[in-house]
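Each remark here refers to the structure printed beneath this line.
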Amino acid sequence: MMKSLIGAACLTLAPLSLSAGSLTLFASGEDLATEGFNAPKLTKDGWALAFTRITATFDQITAWQTDPPFMADGAEITGTALPFDGPFTVDLVDADEDDLVELTTIAAPAGHFNALSWALVPGDDGFSLAFEGIARKDGQEVAFSLRSADSVAHACGEYLGDVRKGFVTENAAADLEITLHLDHLFGRADKAEDDEMNLEAIGFEPFAAGGEFDLSLEGLHLGHVGEGHCYDFAL
Amino acid sequence: MTLRSRLAGLAICAAGCFTPLVALSHAALIEAETAQAIRLHAFYDTGEPMAHAQVIIYAPDDPSSPWGQGVTDRDGWFEFIPDATEGRWSVQVRQSGHGAMAHVQMGGDAPVIITASGTQSWLQRMVMVALVAWGALGTALFVLRKKGRSDASA
């Protein structure tokens with residue numbers, strides 16, 4: 001399946017001129033990673049979570065200039081490609097004040113990078129995504145380690161957020177963001193029980209005994225670009 | 001001088017020149033014109049509208065800065081009238097941590113509409129449909145006279 005993404009009709013950019021701008025790539029687990037799940041944003045089953053580490057490994061990252069805009073409706077992106085070297089293993093808890101972790105900055109030609117493809121892949125420890133922390137509920141305190149070895153590719157459209165991102169101009173910087181929505185895994189107590197996110201989310205109760213658990217990412221769709229969506233598929 | 005400005009001038013005269021100051025006639029002017037508008041419907045494929053969702057509009061000549069913003073109505077509808085700038089107008093709709101973008105190419109023979117309509121999962125069930133209402137360009141001016149108790153001209 002990944003071959004279809006890589007094999008998309010694309011034009012990889014030629015070596016960049018000195019007048020090119022730059023594109024910085026960030027990853028974020030948002031405030032749910034840095035601050036944890038705290039009331040009223042408890043997990044859907046009422047657990048408070050404090051993460052000591054969230055390790056994620058990203059690879060096969062390419063920023064795209066697409067016209068017409070790629071709408072995250074399939075695995076194949078057509079456009080002008082700007083590949084990033086990888087992989088990058090980061091701790092999403094160890095982020096800046098905006099909950100961002102910088103992966104890398106590369107030279108980029110002018111234009112609007114309005115699509116991003118990337119994959120969660122196993123890192124050196126064999127896991128693509130791993131959570132460690134403490135869960136608390138009704139006086140219980142549980143140490144947990146949740147680990148996934150799944151490889152999941154993402155074909156994302158434009159970053160959506162408070163500002164519109166990805167506009168590189170000559171000698172000027174722009175940035176893009178890989179975003180993991182952790183509430184799609186743990187759910188949210190401040191959302192309705194029948195909210196579709198909560199219906200799909202695992203919650204924390206299956207891990208309430210504490211210890212180490214293997215985790216499947218299938219169907220959770222954690223990957224986003226800000227609030228923008230991605231088409232994801234297992235590798 | 002255009003017909004509109006002439007009519008407006010006459011209305012002002014009628015209101016201010018030929019009536020005593022103590023008995024103003026309360027002339028009311030209504031300008032009406034037809035224009036082309038972009039109308040968006042933001043909803044989930046469950047049929048639930050994206051009610052009161054944030055809308056940000058980007059014009060073709062400055063696509064990184066908001067041209068305008070607003071909020072969808074309770075049924076997920078939002079309308080705006082773009083200026084004459086040709087090119088790709090982009091509209092972002094966000095709600096509860098999720099968003100979608102629609103694009104409308106303006107100019108040329110007809111608008112080209114690109115909407116978000118992913119169907120992979122519940123996360124991508126945010127669907128936006130952009131409709132463009134075309135109206136013949138033109139302007140009409142109506143001068144109405146509100147008849148008040150102190151309207152000496154009546």
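Chains: A, B, ... in order of the structure tokens. Residues: from 1 per chain. Ligands: from 1, in order shown.
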With only C-alpha atoms considered, list every residue of chain A at most 10 Å from chain B, as number ranges by chain.
A: 68-74, 112, 157-167, 181, 184, 191, 196-197, 200, 219-222, 224, 226-233
Taking a cut-off of 12 Å and counting only C-alpha atoms, can you build a table that, for each residue of stretch 153-198 of chain A near stretch 126-133 of chain A, reports the nearest atom pair and how far apart they are in Å (one decimal), sorted by chain then residue number, as JSON lines?
```
{"residue": "A:Ala153", "atom": "CA", "partner": "A:Ser128", "partner_atom": "CA", "distance": 11.5}
{"residue": "A:Leu180", "atom": "CA", "partner": "A:Leu129", "partner_atom": "CA", "distance": 10.4}
{"residue": "A:Leu182", "atom": "CA", "partner": "A:Phe131", "partner_atom": "CA", "distance": 10.5}
{"residue": "A:Leu185", "atom": "CA", "partner": "A:Phe131", "partner_atom": "CA", "distance": 11.3}
{"residue": "A:Phe186", "atom": "CA", "partner": "A:Phe131", "partner_atom": "CA", "distance": 11.6}
```
Here is a test: counting only C-alpha atoms, which residue of A:Ile61, A:Leu199, A:Ala50, A:Ala107 is nearest to A:Asp85?
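That would be A:Ile61, the residue with the smallest distance to A:Asp85.
Computed from the coordinates, the atom CA of B:Pro60 to atom CA of B:Glu86 distance equals 6.9 Å.
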